[in-house]
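Shown next: upload-v5.cif, containing mmCIF, C-alpha atoms and all ligand atoms.
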data_start
#
loop_
_atom_site.label_atom_id
_atom_site.label_comp_id
_atom_site.auth_asym_id
_atom_site.auth_seq_id
_atom_site.Cartn_x
_atom_site.Cartn_y
_atom_site.Cartn_z
CA MET A 3 0.00 0.00 0.00
CA ASP A 4 1.25 3.45 -0.89
CA ASP A 5 0.10 6.09 1.57
CA ARG A 6 2.07 9.03 0.19
CA ASN A 7 -1.15 10.59 -1.06
CA PHE A 8 -2.59 10.58 2.42
CA ASP A 9 0.01 12.70 4.21
CA LYS A 10 -1.91 15.91 3.97
CA VAL A 11 -5.12 16.56 5.78
CA SER A 12 -7.97 16.76 3.31
CA GLY A 13 -10.00 19.93 2.94
CA ASP A 14 -13.09 17.75 3.09
CA ALA A 15 -13.59 17.61 6.81
CA PRO A 16 -16.48 20.06 7.19
CA ALA A 17 -17.61 19.09 10.66
CA GLN A 18 -14.18 19.27 12.19
CA SER A 19 -13.46 22.66 10.61
CA TYR A 20 -16.78 24.01 11.84
CA ARG A 21 -16.18 22.87 15.40
CA LEU A 22 -12.69 24.39 15.41
CA LEU A 23 -14.12 27.65 14.09
CA ARG A 24 -16.79 27.65 16.80
CA ARG A 25 -14.13 27.25 19.49
CA MET A 26 -12.38 30.35 18.20
CA LEU A 27 -15.51 32.53 18.06
CA PRO A 28 -16.95 34.37 21.07
CA LYS A 29 -20.08 32.61 22.44
CA ALA A 30 -22.36 35.43 21.34
CA LEU A 31 -21.54 34.62 17.70
CA HIS A 32 -22.28 30.87 17.95
CA PRO A 33 -25.96 31.10 16.89
CA TYR A 34 -24.90 33.19 13.88
CA ALA A 35 -22.20 30.61 12.92
CA ARG A 36 -24.76 27.80 13.34
CA GLY A 37 -27.20 29.58 11.04
CA VAL A 38 -24.56 30.13 8.35
CA ARG A 39 -23.48 26.49 8.57
CA LYS A 40 -27.05 25.26 8.34
CA ARG A 41 -27.69 27.32 5.21
CA LEU A 42 -24.47 26.02 3.64
CA LEU A 43 -25.32 22.39 4.45
CA ARG A 44 -28.87 22.72 3.18
CA GLY A 45 -27.57 24.29 -0.03
CA LYS A 46 -25.15 21.42 -0.60
CA ALA A 47 -27.59 18.61 0.18
CA ARG A 48 -28.94 16.76 -2.83
CA LYS A 49 -32.63 17.18 -3.39
CA GLU A 50 -33.53 13.51 -3.64
CA GLU A 51 -34.07 11.07 -0.79
CA PRO A 52 -32.64 9.96 1.50
CA PHE A 53 -30.31 12.99 1.39
CA GLN A 54 -33.03 15.64 1.86
CA THR A 55 -34.05 13.91 5.06
CA VAL A 56 -30.65 13.08 6.52
CA TRP A 57 -28.69 16.30 6.06
CA PRO A 58 -29.61 17.82 9.46
CA TYR A 59 -28.54 14.55 11.12
CA THR A 60 -25.03 14.07 9.77
CA GLN A 61 -21.57 15.59 9.84
CA VAL A 62 -20.52 13.61 6.77
CA SER A 63 -20.12 15.43 3.45
CA GLN A 64 -22.55 14.93 0.56
CA LYS A 65 -20.03 13.05 -1.61
CA ARG A 66 -19.24 10.62 1.19
CA GLN A 67 -22.98 10.13 1.73
CA ASP A 68 -23.29 9.38 -2.01
CA SER A 69 -20.53 6.80 -1.65
CA ILE A 70 -22.40 5.03 1.17
CA LEU A 71 -25.65 4.89 -0.80
CA ASP A 72 -23.96 3.85 -4.06
CA ARG A 73 -21.89 1.12 -2.42
CA THR A 74 -24.65 -0.36 -0.27
CA THR A 75 -27.08 -0.31 -3.22
CA ALA A 76 -24.51 -2.02 -5.45
CA LEU A 77 -23.80 -4.68 -2.81
CA ILE A 78 -27.50 -5.54 -2.73
CA ALA A 79 -27.71 -5.64 -6.55
CA GLU A 80 -24.59 -7.85 -6.71
CA GLY A 81 -25.96 -10.17 -4.04
CA VAL A 82 -22.96 -9.81 -1.74
CA PRO A 83 -24.25 -11.36 1.50
CA GLY A 84 -24.02 -9.78 4.93
CA ASP A 85 -25.25 -7.01 7.17
CA PHE A 86 -24.51 -3.27 7.13
CA VAL A 87 -22.56 -2.08 10.18
CA GLU A 88 -21.71 1.41 11.38
CA CYS A 89 -19.33 2.22 14.24
CA GLY A 90 -19.80 5.90 15.10
CA VAL A 91 -23.44 6.87 14.65
CA LEU A 92 -23.85 10.25 16.40
CA ASP A 93 -27.27 11.56 15.22
CA GLY A 94 -27.81 8.77 12.71
CA GLY A 95 -27.46 10.52 9.34
CA THR A 96 -25.13 8.03 7.65
CA ALA A 97 -26.77 5.12 9.50
CA ALA A 98 -30.08 6.20 7.95
CA ILE A 99 -28.55 6.07 4.46
CA MET A 100 -27.47 2.46 5.05
CA ALA A 101 -30.87 1.58 6.49
CA TYR A 102 -32.62 3.28 3.56
CA ALA A 103 -30.62 1.12 1.12
CA ALA A 104 -31.49 -2.04 3.09
CA ARG A 105 -35.16 -1.23 3.69
CA HIS A 106 -36.58 -3.71 1.14
CA ASP A 107 -33.94 -6.43 1.55
CA GLU A 108 -35.22 -8.78 4.21
CA SER A 109 -31.97 -10.72 4.32
CA ARG A 110 -30.05 -7.76 5.68
CA ARG A 111 -29.78 -6.26 9.15
CA VAL A 112 -28.29 -2.90 10.09
CA HIS A 113 -26.10 -2.80 13.23
CA LEU A 114 -25.35 0.56 14.85
CA PHE A 115 -22.62 0.96 17.48
CA ASP A 116 -22.11 4.09 19.62
CA ALA A 117 -21.82 5.09 23.28
CA TRP A 118 -23.44 8.50 22.70
CA GLU A 119 -21.10 9.97 25.32
CA GLY A 120 -18.79 11.94 23.04
CA LEU A 121 -15.34 10.90 21.90
CA PRO A 122 -13.40 8.73 24.38
CA GLN A 123 -9.97 9.46 25.87
CA ALA A 124 -7.39 9.92 23.14
CA THR A 125 -4.10 7.97 23.20
CA ASP A 126 -0.56 8.98 22.22
CA GLU A 127 -1.20 7.65 18.71
CA ASP A 128 -3.84 10.35 18.19
CA GLY A 129 -1.31 13.16 18.55
CA GLU A 130 -1.43 16.34 20.59
CA GLY A 131 -4.31 17.96 18.73
CA ALA A 132 -6.74 15.17 19.60
CA ALA A 133 -7.24 16.24 23.22
CA VAL A 134 -9.63 19.04 22.19
CA TRP A 135 -12.15 16.51 20.86
CA VAL A 136 -12.37 14.30 23.98
CA GLY A 137 -15.95 14.37 25.29
CA ASP A 138 -17.01 16.38 22.24
CA VAL A 139 -19.25 15.09 19.40
CA VAL A 140 -22.20 13.95 21.51
CA GLY A 141 -25.13 12.61 19.51
CA SER A 142 -28.58 11.47 20.55
CA PRO A 143 -30.14 8.00 20.19
CA ARG A 144 -33.54 9.70 20.07
CA ARG A 145 -32.49 11.63 16.96
CA VAL A 146 -31.11 8.41 15.47
CA MET A 147 -34.51 6.71 15.85
CA ALA A 148 -36.25 9.77 14.40
CA VAL A 149 -34.17 9.88 11.22
CA LEU A 150 -34.37 6.11 10.75
CA ARG A 151 -38.18 6.33 10.84
CA LYS A 152 -38.22 9.34 8.52
CA VAL A 153 -36.31 7.48 5.78
CA GLY A 154 -38.61 4.47 6.10
CA ALA A 155 -36.07 2.06 7.60
CA ALA A 156 -37.27 -1.45 8.46
CA MET A 157 -36.96 -0.88 12.21
CA ASP A 158 -37.28 -4.58 13.04
CA ARG A 159 -34.03 -5.19 11.17
CA VAL A 160 -32.05 -2.43 12.89
CA THR A 161 -30.08 -3.27 16.04
CA VAL A 162 -28.64 -0.52 18.23
CA HIS A 163 -25.61 -1.56 20.32
CA ARG A 164 -25.28 1.21 22.88
CA GLY A 165 -22.05 1.44 24.89
CA TRP A 166 -18.28 1.77 24.52
CA PHE A 167 -16.91 -0.40 21.72
CA ASP A 168 -14.64 -2.20 24.22
CA ASP A 169 -17.82 -3.57 25.82
CA THR A 170 -20.19 -3.95 22.86
CA LEU A 171 -18.02 -5.22 19.99
CA PRO A 172 -16.72 -8.42 21.62
CA VAL A 173 -20.25 -9.63 22.44
CA ALA A 174 -22.17 -8.40 19.38
CA ASP A 175 -24.02 -11.05 17.41
CA VAL A 176 -22.89 -9.90 13.97
CA ARG A 177 -21.97 -12.82 11.73
CA GLN A 178 -21.34 -11.67 8.20
CA ILE A 179 -20.85 -8.11 7.01
CA ALA A 180 -21.19 -6.64 3.52
CA PHE A 181 -20.64 -2.95 4.36
CA LEU A 182 -18.72 -1.47 7.28
CA HIS A 183 -18.72 2.28 7.92
CA VAL A 184 -15.94 3.28 10.31
CA ASP A 185 -16.60 6.78 11.65
CA CYS A 186 -15.08 6.90 15.14
CA ASP A 187 -12.13 9.27 14.69
CA PHE A 188 -9.49 7.95 17.13
CA TYR A 189 -6.77 5.29 16.96
CA ALA A 190 -8.02 2.80 19.58
CA PRO A 191 -11.66 2.53 18.43
CA VAL A 192 -10.73 2.40 14.73
CA LYS A 193 -8.18 -0.36 15.39
CA LEU A 194 -10.66 -2.35 17.49
CA VAL A 195 -13.39 -2.03 14.85
CA LEU A 196 -11.10 -3.19 12.04
CA ASN A 197 -9.66 -6.09 14.06
CA THR A 198 -13.12 -7.23 15.15
CA PHE A 199 -15.20 -6.80 12.02
CA VAL A 200 -13.02 -7.02 8.89
CA PRO A 201 -12.42 -10.77 9.44
CA ARG A 202 -16.23 -11.18 9.29
CA MET A 203 -16.62 -9.45 5.95
CA ALA A 204 -17.91 -11.21 2.88
CA PRO A 205 -15.71 -11.28 -0.24
CA GLY A 206 -16.68 -8.26 -2.31
CA GLY A 207 -17.72 -6.28 0.79
CA TRP A 208 -16.73 -2.63 1.23
CA VAL A 209 -15.21 -0.78 4.18
CA GLN A 210 -15.53 3.03 4.19
CA ILE A 211 -13.40 5.00 6.63
CA ASP A 212 -14.44 8.58 7.25
CA ASP A 213 -11.47 9.97 9.17
CA TYR A 214 -8.35 8.63 7.46
CA GLN A 215 -7.40 12.03 6.15
CA SER A 216 -8.50 14.15 9.07
CA PHE A 217 -7.35 12.22 12.19
CA GLU A 218 -3.77 10.94 12.43
CA GLY A 219 -4.69 8.20 14.93
CA CYS A 220 -7.27 6.83 12.51
CA ARG A 221 -4.73 6.89 9.68
CA LEU A 222 -2.17 5.01 11.81
CA ALA A 223 -4.73 2.40 12.87
CA VAL A 224 -5.72 1.72 9.25
CA ASN A 225 -2.10 1.59 8.05
CA GLU A 226 -1.13 -0.81 10.84
CA PHE A 227 -4.12 -3.02 10.13
CA LEU A 228 -3.44 -3.16 6.39
CA ALA A 229 0.28 -3.83 6.89
CA ASP A 230 -0.80 -7.37 7.80
CA ARG A 231 -3.22 -7.56 4.85
CA PRO A 232 -1.18 -6.97 1.68
CA ASP A 233 -4.04 -8.49 -0.28
CA ILE A 234 -6.18 -5.40 0.42
CA ALA A 235 -5.66 -2.14 -1.51
CA LEU A 236 -6.59 1.15 0.10
CA ILE A 237 -8.39 3.52 -2.25
CA ASP A 238 -8.51 7.29 -1.82
CA ASP A 239 -11.80 7.78 -3.62
CA ARG A 240 -11.92 11.36 -4.89
CA ARG A 241 -15.44 10.84 -6.19
CA ALA A 242 -16.43 9.91 -2.66
CA GLY A 243 -15.19 13.25 -1.31
CA GLY A 244 -11.91 11.80 -0.13
CA ALA A 245 -13.51 9.02 1.88
CA THR A 246 -11.06 6.18 2.16
CA VAL A 247 -12.37 2.79 1.13
CA PHE A 248 -11.19 -0.73 0.60
CA ARG A 249 -12.82 -3.83 -0.83
CA ILE A 250 -12.46 -7.32 0.56
CA PRO A 251 -10.90 -9.63 -2.05
C1 LIG A 301 -17.92 11.68 14.02
S1 LIG A 301 -19.15 10.91 14.96
C2 LIG A 301 -20.06 9.93 13.81
C3 LIG A 301 -20.73 10.75 12.74
C4 LIG A 301 -21.93 10.09 12.06
N1 LIG A 301 -21.57 8.90 11.33
C5 LIG A 301 -22.66 11.08 11.17
O1 LIG A 301 -23.40 10.64 10.25
O2 LIG A 301 -22.58 12.30 11.42
C6 LIG A 301 -18.24 9.78 15.93
C7 LIG A 301 -19.05 8.95 16.88
O3 LIG A 301 -18.22 7.87 17.33
C8 LIG A 301 -18.58 7.54 18.66
N2 LIG A 301 -17.44 6.85 19.28
C9 LIG A 301 -16.12 7.12 19.12
N3 LIG A 301 -15.37 6.27 19.82
C10 LIG A 301 -16.22 5.41 20.44
C11 LIG A 301 -16.04 4.27 21.30
N4 LIG A 301 -14.82 3.86 21.67
N5 LIG A 301 -17.14 3.61 21.74
C12 LIG A 301 -18.39 4.04 21.36
N6 LIG A 301 -18.62 5.11 20.55
C13 LIG A 301 -17.55 5.79 20.09
C14 LIG A 301 -18.89 8.89 19.30
O4 LIG A 301 -19.78 8.71 20.39
C15 LIG A 301 -19.52 9.67 18.13
O5 LIG A 301 -20.93 9.62 18.20
#

Could I get this structure in the form of structure tokens?
Ligand SMILES: C[S@@+](CC[C@H](N)C(=O)[O-])C[C@H]1O[C@@H](n2cnc3c(N)ncnc32)[C@H](O)[C@@H]1O
Amino acid sequence: MDDRNFDKVSGDAPAQSYRLLRRMLPKALHPYARGVRKRLLRGKARKEEPFQTVWPYTQVSQKRQDSILDRTTALIAEGVPGDFVECGVLDGGTAAIMAYAARHDESRRVHLFDAWEGLPQATDEDGEGAAVWVGDVVGSPRRVMAVLRKVGAAMDRVTVHRGWFDDTLPVADVRQIAFLHVDCDFYAPVKLVLNTFVPRMAPGGWVQIDDYQSFEGCRLAVNEFLADRPDIALIDDRRAGGATVFRIP
């Protein structure tokens, strides 16, 4: 794997940039910044479903959302077996895209993993800048349920695994996976997710990693994991807004 292209932080990390900006602004200007951001996000959101519904519920860029819908839809069309799994759900926007794709496919479950307590303690691998995010990024399971219902998800085939990954991943009843969305920012959770779930992926399945270009701990975890899997090629998918993906051979 050649990771020279991944050394620089991508410009496509809208949520992180917004939160940094908000930290720099005086509190009185926060509502104004929120309003500007909301208008920008609404303007960028595609008009068709499920994107019109999910945009207020996600921090993930439109192109990366497109990539999730395109890949999950293609997996169903190709008959690649297995469930759709997301680690890092927050308010449920990207989870709802996966659930929307799976809504008519009775063979597929959607598994959602999050503690909903903000980002956990960072480790040395995450670098000095990571400390500012600890405890930040707190979503709401209630909002997750709301957006899932709005997109028409088959709720009886959605399982929510609430808790820290250290506790929930080892005991989760997830057998085969077709699509894995890794959106949990830091080194330790990303490494745990890859070690736990990639061995359960079906041939032809896709893994999409949201933070490879924006969090150094995530990048290190992925590089370490793939160092032992020379059969897997990492793809920096420009069409997917710089989301990093790989396909299981
Ligand atoms: C960037 S957000 C996910 C964004 C979401 N996919 C979206 O559509 O906006 C990261 C999420 O990962 C969760 N998370 C990170 N590390 C975790 C861990 N070790 N255990 C459980 N949840 C974790 C956080 O609670 C947070 O909700």

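Nearest to ligand LIG 301 (chain A) of all the residues A:Val195, A:Val62, A:Leu171, A:Val134 is A:Val62, based on only C-alpha atoms and all ligand atoms.
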
### Query
What's the 6 Å shell around stretch 121-131 of chain A, counting only C-alpha atoms, without same-chain residues fewer than 3 positions away, as JSON, numbers by chain?
{"A": [136, 137, 138, 189, 218, 219]}

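Straight-line separation from atom CA of A:Tyr214 to atom CA of A:Phe248: 11.9 Å.
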
### Query
So how far away is atom CA of A:His183 from atom CA of A:Gly94, in Å?
12.2 Å

### Summary
For A:Arg41, the closest of A:Gly90, A:Pro58, A:Pro28, A:Pro83 counting all atoms listed in the file is A:Pro58

### Message
At a cut-off of 6 Å around ligand LIG 301 (chain A), and using only C-alpha atoms and all ligand atoms, what residues come up? Please write them as a list in words.
### Response
Thr60, Gln61, Val62, Gly90, Val91, Leu92, Gly94, Gly95, Thr96, Asp116, Ala117, Trp118, Glu119, Gly120, Leu121, Pro122, Val139, Val140, Gly141, Gly165, Trp166, Phe167, Asp185, Cys186 and Pro191 of chain A

#### Entry: atom CA of A:Trp135 to atom CA of A:Val149, distance in Å rounded to a single decimal
24.9 Å

#### Entry: Proximity to A:Pro201 - best of A:Cys89, A:Ile179, A:Leu23, A:Leu222, all atoms listed in the file
A:Ile179

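Closest to A:Arg241 among A:Asp213, A:Lys152, A:Ser63, A:Val82 is A:Ser63, based on all atoms listed in the file.
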
### Task
Find the residues around A:Asp239 up to 10 Å (all atoms listed in the file counted), leave out those fewer than 6 positions away in its own chain, and share them as a ChimeraX atom specification.
/A:65-66,69,210,245-248

### Query
Which residues, protein or nucleic acid, reach to within 9 Å of (-28.5, -9.3, 8.6) in the file's coordinates when using all atoms listed in the file, and can you give that as a PyMOL selection string?
chain A and resi 83-86+108-113+159-160+176-179

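If all atoms listed in the file are the atoms counted, then among A:Ala190, A:Val209, A:Leu43, A:Ala223 the closest residue to A:Ile237 is A:Val209.
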
### Task
Take the point (-6.0, -10.3, 3.8) in the file's coordinates, draw a sphere of radius 9 Å around it, and report as number ranges by chain every protein, DNA or RNA residue with an atom inside or on it, counting all atoms listed in the file.
A: 201, 228, 230-234, 250-251

#### Entry: Among listed residues A:Leu182, A:Ile78, A:Val162, A:Val200, nearest A:Val146 (using all atoms listed in the file)
A:Val162

With N, CA, C and O atoms as the target, complete stretch 122-145 of chain A and hand it back as a tab-separated table (two decimals), in the frame of the given file.
chain	number	residue	atom	x	y	z
A	122	PRO	N	-14.07	9.23	23.17
A	122	PRO	CA	-13.40	8.73	24.38
A	122	PRO	C	-12.02	9.37	24.54
A	122	PRO	O	-11.59	10.17	23.72
A	123	GLN	N	-11.33	8.99	25.61
A	123	GLN	CA	-9.97	9.46	25.87
A	123	GLN	C	-9.09	9.16	24.66
A	123	GLN	O	-9.14	8.05	24.12
A	124	ALA	N	-8.32	10.16	24.24
A	124	ALA	CA	-7.39	9.92	23.14
A	124	ALA	C	-6.14	9.21	23.68
A	124	ALA	O	-5.89	9.22	24.89
A	125	THR	N	-5.37	8.59	22.79
A	125	THR	CA	-4.10	7.97	23.20
A	125	THR	C	-2.96	8.69	22.48
A	125	THR	O	-3.20	9.54	21.62
A	126	ASP	N	-1.73	8.32	22.82
A	126	ASP	CA	-0.56	8.98	22.22
A	126	ASP	C	-0.62	8.94	20.70
A	126	ASP	O	-0.20	9.87	20.01
A	127	GLU	N	-1.16	7.83	20.18
A	127	GLU	CA	-1.20	7.65	18.71
A	127	GLU	C	-2.06	8.72	18.04
A	127	GLU	O	-1.94	8.96	16.85
A	128	ASP	N	-2.96	9.35	18.79
A	128	ASP	CA	-3.84	10.35	18.19
A	128	ASP	C	-3.17	11.71	18.04
A	128	ASP	O	-3.73	12.60	17.40
A	129	GLY	N	-2.02	11.89	18.67
A	129	GLY	CA	-1.31	13.16	18.55
A	129	GLY	C	-1.85	14.22	19.50
A	129	GLY	O	-2.91	14.06	20.10
A	130	GLU	N	-1.10	15.31	19.58
A	130	GLU	CA	-1.43	16.34	20.59
A	130	GLU	C	-2.77	17.01	20.34
A	130	GLU	O	-3.51	17.30	21.26
A	131	GLY	N	-3.10	17.22	19.07
A	131	GLY	CA	-4.31	17.96	18.73
A	131	GLY	C	-5.60	17.25	19.12
A	131	GLY	O	-6.66	17.88	19.21
A	132	ALA	N	-5.51	15.95	19.39
A	132	ALA	CA	-6.74	15.17	19.60
A	132	ALA	C	-7.44	15.52	20.92
A	132	ALA	O	-8.66	15.35	21.03
A	133	ALA	N	-6.68	16.02	21.88
A	133	ALA	CA	-7.24	16.24	23.22
A	133	ALA	C	-8.48	17.14	23.16
A	133	ALA	O	-9.42	16.96	23.95
A	134	VAL	N	-8.51	18.09	22.21
A	134	VAL	CA	-9.63	19.04	22.19
A	134	VAL	C	-10.96	18.36	21.87
A	134	VAL	O	-12.03	18.89	22.15
A	135	TRP	N	-10.91	17.17	21.25
A	135	TRP	CA	-12.15	16.51	20.86
A	135	TRP	C	-12.72	15.59	21.94
A	135	TRP	O	-13.86	15.13	21.82
A	136	VAL	N	-11.91	15.27	22.98
A	136	VAL	CA	-12.37	14.30	23.98
A	136	VAL	C	-13.64	14.82	24.65
A	136	VAL	O	-13.70	15.97	25.10
A	137	GLY	N	-14.67	13.97	24.68
A	137	GLY	CA	-15.95	14.37	25.29
A	137	GLY	C	-16.81	15.19	24.35
A	137	GLY	O	-17.98	15.48	24.64
A	138	ASP	N	-16.25	15.59	23.22
A	138	ASP	CA	-17.01	16.38	22.24
A	138	ASP	C	-17.71	15.40	21.28
A	138	ASP	O	-17.47	14.21	21.32
A	139	VAL	N	-18.54	15.89	20.40
A	139	VAL	CA	-19.25	15.09	19.40
A	139	VAL	C	-20.25	14.14	20.10
A	139	VAL	O	-20.13	12.93	20.05
A	140	VAL	N	-21.22	14.75	20.77
A	140	VAL	CA	-22.20	13.95	21.51
A	140	VAL	C	-23.51	13.91	20.72
A	140	VAL	O	-24.14	14.94	20.52
A	141	GLY	N	-23.89	12.74	20.26
A	141	GLY	CA	-25.13	12.61	19.51
A	141	GLY	C	-26.28	12.18	20.41
A	141	GLY	O	-26.16	12.16	21.63
A	142	SER	N	-27.40	11.81	19.78
A	142	SER	CA	-28.58	11.47	20.55
A	142	SER	C	-29.28	10.26	19.94
A	142	SER	O	-29.69	10.30	18.78
A	143	PRO	N	-29.42	9.17	20.70
A	143	PRO	CA	-30.14	8.00	20.19
A	143	PRO	C	-31.57	8.33	19.78
A	143	PRO	O	-32.11	7.72	18.86
A	144	ARG	N	-32.17	9.31	20.43
A	144	ARG	CA	-33.54	9.70	20.07
A	144	ARG	C	-33.57	10.27	18.65
A	144	ARG	O	-34.43	9.96	17.84
A	145	ARG	N	-32.57	11.09	18.33
A	145	ARG	CA	-32.49	11.63	16.96
A	145	ARG	C	-32.19	10.52	15.95
A	145	ARG	O	-32.67	10.56	14.83
